[in-house]
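Okay, model27.cif now, which holds mmCIF, C-alpha atoms and all ligand atoms:
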data_data
loop_
_atom_site.label_atom_id
_atom_site.label_comp_id
_atom_site.auth_asym_id
_atom_site.auth_seq_id
_atom_site.Cartn_x
_atom_site.Cartn_y
_atom_site.Cartn_z
CA MET B 9 70.93 22.60 26.24
CA ALA B 10 74.66 23.29 26.43
CA ILE B 11 76.72 20.18 27.03
CA PHE B 12 79.62 21.70 28.91
CA SER B 13 79.86 23.69 32.12
CA ASN B 14 81.91 26.90 32.24
CA GLU B 15 84.68 24.98 34.04
CA GLU B 16 84.84 22.42 31.24
CA LEU B 17 84.89 25.14 28.59
CA GLN B 18 87.73 26.76 30.50
CA GLU B 19 89.65 23.45 30.41
CA PHE B 20 89.30 23.36 26.63
CA THR B 21 90.49 26.97 26.40
CA GLU B 22 93.60 26.02 28.39
CA LEU B 23 94.22 23.05 26.08
CA GLN B 24 93.78 25.26 23.04
CA LYS B 25 96.39 27.66 24.39
CA ARG B 26 98.78 24.74 24.81
CA TYR B 27 98.27 23.43 21.26
CA GLY B 28 98.15 26.81 19.61
CA LYS B 29 94.94 26.39 17.63
CA PRO B 30 91.38 25.53 18.65
CA ALA B 31 90.96 22.79 16.00
CA ALA B 32 93.68 20.72 17.73
CA THR B 33 91.32 19.99 20.62
CA LEU B 34 88.56 18.43 18.53
CA LEU B 35 89.32 14.83 19.54
CA PRO B 36 89.33 15.51 23.31
CA VAL B 37 86.13 17.57 22.96
CA LEU B 38 84.39 14.76 21.07
CA TRP B 39 85.66 12.18 23.55
CA ARG B 40 84.26 14.20 26.45
CA ILE B 41 80.88 14.52 24.68
CA GLN B 42 80.73 10.77 24.23
CA GLU B 43 81.63 10.18 27.89
CA LYS B 44 78.80 12.47 28.98
CA ARG B 45 76.11 11.42 26.49
CA GLY B 46 77.13 7.99 25.20
CA TRP B 47 77.09 9.16 21.58
CA ILE B 48 77.52 12.29 19.47
CA ASP B 49 74.36 13.72 17.96
CA SER B 50 73.94 16.57 15.50
CA ASP B 51 73.56 19.27 18.21
CA ALA B 52 76.67 17.99 19.96
CA MET B 53 78.61 18.15 16.68
CA GLU B 54 77.50 21.76 16.34
CA GLU B 55 78.71 22.57 19.83
CA ALA B 56 82.06 20.84 19.17
CA ALA B 57 82.39 22.81 15.93
CA ALA B 58 81.82 26.10 17.78
CA ILE B 59 84.34 25.24 20.52
CA CYS B 60 86.99 24.14 18.03
CA GLN B 61 86.20 26.86 15.46
CA VAL B 62 85.82 24.44 12.55
CA PRO B 63 82.86 23.85 10.20
CA LYS B 64 80.29 21.31 11.40
CA SER B 65 80.98 19.25 8.26
CA HIS B 66 84.57 18.81 9.49
CA VAL B 67 83.29 17.47 12.83
CA GLU B 68 80.93 15.07 11.03
CA GLY B 69 83.86 13.77 8.97
CA VAL B 70 85.96 13.17 12.09
CA VAL B 71 83.12 11.38 13.92
CA GLN B 72 82.54 9.15 10.92
CA PHE B 73 86.24 8.45 10.38
CA TYR B 74 87.12 7.22 13.89
CA THR B 75 85.33 3.99 14.77
CA MET B 76 85.52 4.79 18.51
CA PHE B 77 83.03 7.64 18.05
CA PHE B 78 79.34 6.77 17.79
CA ASP B 79 76.86 8.79 15.74
CA LYS B 80 73.91 6.79 17.08
CA PRO B 81 72.96 5.59 20.58
CA MET B 82 74.87 2.49 21.68
CA GLY B 83 74.47 0.21 24.68
CA ARG B 84 75.58 1.10 28.20
CA PHE B 85 78.16 -1.63 27.62
CA HIS B 86 79.68 -1.56 24.17
CA VAL B 87 81.03 -5.03 23.42
CA GLN B 88 83.88 -5.29 20.94
CA VAL B 89 85.24 -8.60 19.69
CA CYS B 90 88.38 -8.71 17.58
CA THR B 91 88.45 -11.01 14.56
CA ASN B 92 91.76 -9.83 13.14
CA VAL B 93 94.57 -12.32 12.41
CA SER B 94 95.91 -13.22 15.88
CA CYS B 95 92.44 -13.37 17.39
CA MET B 96 91.00 -15.20 14.37
CA LEU B 97 93.69 -17.89 14.66
CA ARG B 98 92.69 -18.42 18.29
CA GLY B 99 88.91 -18.53 17.81
CA GLY B 100 88.02 -14.83 17.45
CA GLU B 101 85.39 -15.44 14.78
CA GLU B 102 83.76 -18.20 16.81
CA LEU B 103 83.82 -15.89 19.82
CA TYR B 104 82.26 -13.04 17.84
CA ASN B 105 79.50 -15.27 16.46
CA HIS B 106 78.83 -16.67 19.92
CA VAL B 107 78.44 -13.19 21.44
CA ARG B 108 76.33 -12.04 18.48
CA GLN B 109 73.94 -14.95 18.93
CA GLN B 110 73.86 -14.60 22.69
CA LEU B 111 72.95 -10.90 22.49
CA GLY B 112 70.62 -11.47 19.53
CA ILE B 113 71.94 -8.43 17.64
CA GLU B 114 74.05 -7.84 14.56
CA ASN B 115 77.21 -5.79 14.14
CA HIS B 116 76.62 -2.20 15.39
CA GLY B 117 73.28 -3.28 16.84
CA ARG B 118 71.93 -2.54 20.33
CA THR B 119 69.85 -4.80 22.56
CA GLU B 120 66.28 -3.65 23.18
CA ASN B 121 66.96 -2.98 26.85
CA GLY B 122 69.84 -0.68 25.84
CA ILE B 123 72.36 -2.58 27.98
CA PHE B 124 74.59 -3.96 25.22
CA SER B 125 75.74 -3.00 21.76
CA LEU B 126 78.09 -5.05 19.62
CA GLU B 127 80.93 -4.36 17.24
CA GLU B 128 83.30 -6.65 15.34
CA VAL B 129 86.65 -4.86 15.41
CA GLU B 130 90.10 -4.93 13.91
CA CYS B 131 93.19 -5.39 16.08
CA MET B 132 92.83 -3.70 19.48
CA GLY B 133 96.51 -4.21 20.34
CA ALA B 134 95.88 -7.15 22.67
CA CYS B 135 97.15 -9.79 20.23
CA GLY B 136 99.25 -11.49 22.93
CA GLY B 137 96.01 -12.29 24.76
CA ALA B 138 94.04 -13.41 21.71
CA PRO B 139 91.18 -13.85 21.35
CA MET B 140 90.06 -10.70 23.09
CA MET B 141 86.78 -9.01 23.85
CA ALA B 142 86.20 -5.57 25.37
CA LEU B 143 83.32 -4.13 27.36
CA ASN B 144 83.77 -0.36 27.18
CA ASP B 145 87.34 0.19 28.44
CA THR B 146 87.82 -3.25 30.01
CA PHE B 147 89.74 -5.84 28.00
CA TYR B 148 89.16 -9.58 28.49
CA GLU B 149 91.90 -11.74 27.04
CA CYS B 150 92.23 -15.43 26.10
CA VAL B 151 88.42 -15.53 26.23
CA THR B 152 86.52 -18.77 25.67
CA THR B 153 82.89 -18.74 24.57
CA GLU B 154 81.90 -19.97 28.06
CA GLU B 155 83.78 -17.11 29.71
CA ALA B 156 82.20 -14.59 27.34
CA SER B 157 78.74 -15.86 28.33
CA LYS B 158 79.63 -15.53 32.01
CA VAL B 159 80.92 -11.97 31.57
CA LEU B 160 77.77 -10.91 29.70
CA ALA B 161 75.45 -12.60 32.21
CA GLU B 162 77.26 -11.06 35.19
CA THR B 163 77.21 -7.63 33.56
CA GLN B 164 73.48 -7.90 32.86
CA ARG B 165 72.79 -9.13 36.40
CA ALA B 166 74.92 -6.66 38.32
CA GLY B 167 74.88 -3.64 36.02
CA VAL B 168 78.69 -3.55 36.18
CA ASN B 169 81.11 -5.72 34.30
CA PRO B 170 83.32 -8.20 36.22
CA LYS B 171 87.05 -7.69 36.57
CA PRO B 172 89.07 -9.46 33.86
CA LYS B 173 91.33 -12.40 34.82
CA PHE B 174 94.39 -10.77 33.25
CA VAL B 175 95.12 -7.13 33.81
CA ALA B 176 97.96 -5.61 31.79
CA GLN B 177 100.46 -3.91 34.08
CA LEU B 178 102.43 -1.05 32.67
CA PRO B 179 105.99 -0.83 34.05
CA GLU B 180 106.68 2.03 36.42
CA LEU B 181 108.22 4.94 34.53
CA SER B 182 111.47 4.68 36.53
CA GLU B 183 111.72 0.92 35.72
CA ALA B 184 111.16 1.57 32.03
CA ALA B 185 113.80 4.31 31.99
CA ASN B 186 116.41 1.94 33.47
CA ARG B 187 116.04 -0.66 30.71
S1 LIG B 201 94.55 -9.32 16.42
FE1 LIG B 201 93.07 -9.19 17.97
S2 LIG B 201 93.93 -7.75 19.34
FE2 LIG B 201 95.37 -7.88 17.77
#

Show me this structure written as structure tokens.
Amino acid sequence: MAIFSNEELQEFTELQKRYGKPAATLLPVLWRIQEKRGWIDSDAMEEAAAICQVPKSHVEGVVQFYTMFFDKPMGRFHVQVCTNVSCMLRGGEELYNHVRQQLGIENHGRTENGIFSLEEVECMGACGGAPMMALNDTFYECVTTEEASKVLAETQRAGVNPKPKFVAQLPELSEAANR
């Protein structure tokens, strides 16, 4: 079954006009597939290849290169814990091991109920709030093992993840321009 509606295909055509060649839209096409399906299977790679006019082997290479793309089903909530230097110095490895034990899965594993999957990651750019953990697009910073347990339990209970204590605020564009 086709993944995209005619409207979505039209959006990609517009993007391709902007960038000049169809292959330039491969990342947004793959991202949209993952948003819709949760992961990128072989049929989806074929569809992406047709839209972007590249060989399927090229799409496979891109999916395997970027760690944010999944070539197997992951949990509804993909948990990432950083163990790179800043996070490691502030307990990132302990945090990762705690989450791993709590979920009962290994790196790149998925819980049986399909709610969580786990990944140990390199720097996610939140070093100032080390150690950090992410659930899908939500970043939790300065996380203790107790807080991690609470976040996971609340997510499992409610089916949505709780708001983080710290939310990064980007400066307004006009403020940034005046600096
Ligand atoms: S080292 Fe963990 S976010 Fe940068």

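Here atom CA of B:Phe77 and atom CA of B:Leu35 stand 9.7 Å from one another.
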
Stretch 105-108 of chain B surroundings by all atoms listed in the file, 9 Å radius, close-in-sequence under 5 positions cut, as an MDAnalysis selection string: chainID B and resid 87 89 100 113:115 126 153 156:157 160

Pull C-alpha atoms from the residues just selected and write them as a PDB file, in the coordinates of the input.
ATOM      1  CA  VAL B  87      81.030  -5.030  23.420  1.00  0.00           C
ATOM      2  CA  VAL B  89      85.240  -8.600  19.690  1.00  0.00           C
ATOM      3  CA  GLY B 100      88.020 -14.830  17.450  1.00  0.00           C
ATOM      4  CA  ILE B 113      71.940  -8.430  17.640  1.00  0.00           C
ATOM      5  CA  GLU B 114      74.050  -7.840  14.560  1.00  0.00           C
ATOM      6  CA  ASN B 115      77.210  -5.790  14.140  1.00  0.00           C
ATOM      7  CA  LEU B 126      78.090  -5.050  19.620  1.00  0.00           C
ATOM      8  CA  THR B 153      82.890 -18.740  24.570  1.00  0.00           C
ATOM      9  CA  ALA B 156      82.200 -14.590  27.340  1.00  0.00           C
ATOM     10  CA  SER B 157      78.740 -15.860  28.330  1.00  0.00           C
ATOM     11  CA  LEU B 160      77.770 -10.910  29.700  1.00  0.00           C
TER      12      LEU B 160
END

9 Å contact set for B:Glu149, all atoms listed in the file, chain neighbours under 4 positions out, as a PyMOL selection string: chain B and resi 134-142+172-175

Nearby polymer residues, ligand LIG 201 (chain B), at most 6 Å, all atoms listed in the file, as an MDAnalysis selection string: chainID B and resid 90 92:95 131:135 138

Residue nearest B:Thr119 among B:Val151, B:Ala52, B:Met82, B:Leu97 (counting all atoms listed in the file): B:Met82

Point-to-point distance in Å for atom CA of B:Val37 and atom CA of B:Tyr74: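 Calculated distance between atom CA of B:Tyr74 and atom CA of B:Val37 is 13.8 Å.
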
Which of B:Arg40, B:Arg98, B:His86, B:Arg26 sits closest to B:Gly122 [using all atoms listed in the file]: B:His86

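Distances to B:Gln61 were evaluated for B:Lys29, B:Lys171, B:Arg118, B:Arg165 using all atoms listed in the file, and the minimum falls at B:Lys29.
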
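Restricting the calculation to all atoms listed in the file, the smallest distance between B:Met96 and any of B:Lys64, B:Glu54, B:Asp49, B:Glu128 is found for B:Glu128.
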
Selected residue of minimal separation from B:Leu103 among B:Gln164, B:His116, B:Asn144, B:Thr91, counting all atoms listed in the file: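 Under the stated criterion, the closest residue is B:Thr91.
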
Given 4 Å on each side, where is the centre and what are the edge lengths in Å to one decimal of the axis-aligned box enclosing the listed atoms of stretch 57-73 of chain B, as AutoDock Vina command-line options?
--center_x 83.6 --center_y 17.7 --center_z 14.4 --size_x 14.7 --size_y 26.4 --size_z 20.3

Nearby residues (all atoms listed in the file) at most 12 Å from B:Arg84, same-chain spacing under 4 positions excluded, as a VMD selection string: chain B and resid 42 to 47 118 to 126 143 to 145 163 to 164 167 to 169

Residues within 9 Å of B:Val62, all atoms listed in the file, excluding chain neighbours under 4 positions, as a PyMOL selection string: chain B and resi 30-31+34+56-58+66-67

Gap from atom CA of B:Val70 to atom CA of B:Phe12 - Å, one decimal: 19.9 Å

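When all atoms listed in the file are used to measure the gap to B:Gly83, the shortest distance among B:Gly112, B:Pro63, B:Gly99, B:Gly117 belongs to B:Gly117.
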
Start from the incomplete input, build N, CA and C atoms for stretch 144-180 of chain B, and deliver everything as a compact mmCIF listing (two decimals), in the coordinates of the input.
# COMPACT_ATOMS: atom_id res chain seq x y z
N ASN B 144 83.30 -1.73 27.01
CA ASN B 144 83.77 -0.36 27.18
C ASN B 144 85.30 -0.36 27.26
N ASP B 145 85.88 0.10 28.37
CA ASP B 145 87.34 0.19 28.44
C ASP B 145 88.00 -1.05 29.02
N THR B 146 87.24 -2.07 29.37
CA THR B 146 87.82 -3.25 30.01
C THR B 146 88.10 -4.33 28.98
N PHE B 147 89.36 -4.80 28.95
CA PHE B 147 89.74 -5.84 28.00
C PHE B 147 89.71 -7.20 28.69
N TYR B 148 89.12 -8.19 28.03
CA TYR B 148 89.16 -9.58 28.49
C TYR B 148 89.99 -10.34 27.46
N GLU B 149 90.99 -11.07 27.96
CA GLU B 149 91.90 -11.74 27.04
C GLU B 149 91.83 -13.25 27.19
N CYS B 150 92.27 -13.96 26.14
CA CYS B 150 92.23 -15.43 26.10
C CYS B 150 90.81 -15.90 26.47
N VAL B 151 89.81 -15.30 25.85
CA VAL B 151 88.42 -15.53 26.23
C VAL B 151 87.86 -16.76 25.52
N THR B 152 87.26 -17.66 26.27
CA THR B 152 86.52 -18.77 25.67
C THR B 152 85.06 -18.32 25.52
N THR B 153 84.30 -19.09 24.74
CA THR B 153 82.89 -18.74 24.57
C THR B 153 82.16 -18.84 25.91
N GLU B 154 82.55 -19.82 26.74
CA GLU B 154 81.90 -19.97 28.06
C GLU B 154 82.17 -18.74 28.92
N GLU B 155 83.43 -18.29 28.89
CA GLU B 155 83.78 -17.11 29.71
C GLU B 155 83.04 -15.87 29.22
N ALA B 156 82.92 -15.76 27.89
CA ALA B 156 82.20 -14.59 27.34
C ALA B 156 80.76 -14.59 27.85
N SER B 157 80.13 -15.77 27.84
CA SER B 157 78.74 -15.86 28.33
C SER B 157 78.66 -15.43 29.78
N LYS B 158 79.64 -15.88 30.58
CA LYS B 158 79.63 -15.53 32.01
C LYS B 158 79.78 -14.02 32.21
N VAL B 159 80.69 -13.42 31.45
CA VAL B 159 80.92 -11.97 31.57
C VAL B 159 79.65 -11.21 31.22
N LEU B 160 78.99 -11.61 30.13
CA LEU B 160 77.77 -10.91 29.70
C LEU B 160 76.65 -11.09 30.73
N ALA B 161 76.52 -12.34 31.24
CA ALA B 161 75.45 -12.60 32.21
C ALA B 161 75.69 -11.81 33.49
N GLU B 162 76.93 -11.78 33.94
CA GLU B 162 77.26 -11.06 35.19
C GLU B 162 77.03 -9.56 35.00
N THR B 163 77.40 -9.06 33.83
CA THR B 163 77.21 -7.63 33.56
C THR B 163 75.72 -7.29 33.55
N GLN B 164 74.93 -8.14 32.92
CA GLN B 164 73.48 -7.90 32.86
C GLN B 164 72.87 -7.98 34.26
N ARG B 165 73.35 -8.93 35.06
CA ARG B 165 72.79 -9.13 36.40
C ARG B 165 73.15 -7.97 37.32
N ALA B 166 74.43 -7.62 37.32
CA ALA B 166 74.92 -6.66 38.32
C ALA B 166 74.91 -5.21 37.84
N GLY B 167 74.83 -5.01 36.53
CA GLY B 167 74.88 -3.64 36.02
C GLY B 167 76.30 -3.09 35.97
N VAL B 168 77.27 -3.91 36.35
CA VAL B 168 78.69 -3.55 36.18
C VAL B 168 79.39 -4.78 35.64
N ASN B 169 80.44 -4.57 34.87
CA ASN B 169 81.11 -5.72 34.30
C ASN B 169 82.16 -6.27 35.27
N PRO B 170 82.36 -7.61 35.29
CA PRO B 170 83.32 -8.20 36.22
C PRO B 170 84.75 -7.84 35.84
N LYS B 171 85.63 -7.96 36.83
CA LYS B 171 87.05 -7.69 36.57
C LYS B 171 87.60 -8.78 35.65
N PRO B 172 88.48 -8.43 34.72
CA PRO B 172 89.07 -9.46 33.86
C PRO B 172 90.09 -10.30 34.64
N LYS B 173 90.35 -11.53 34.15
CA LYS B 173 91.33 -12.40 34.82
C LYS B 173 92.74 -11.85 34.68
N PHE B 174 93.04 -11.31 33.49
CA PHE B 174 94.39 -10.77 33.25
C PHE B 174 94.28 -9.26 33.16
N VAL B 175 95.12 -8.59 33.91
CA VAL B 175 95.12 -7.13 33.81
C VAL B 175 96.53 -6.70 33.40
N ALA B 176 96.64 -6.04 32.26
CA ALA B 176 97.96 -5.61 31.79
C ALA B 176 98.54 -4.60 32.77
N GLN B 177 99.78 -4.83 33.16
CA GLN B 177 100.46 -3.91 34.08
C GLN B 177 101.51 -3.14 33.32
N LEU B 178 101.39 -1.84 33.31
CA LEU B 178 102.43 -1.05 32.67
C LEU B 178 103.60 -0.91 33.63
N PRO B 179 104.85 -1.00 33.13
CA PRO B 179 105.99 -0.83 34.05
C PRO B 179 106.00 0.58 34.61
N GLU B 180 106.51 0.69 35.85
CA GLU B 180 106.68 2.03 36.42
C GLU B 180 107.59 2.82 35.50
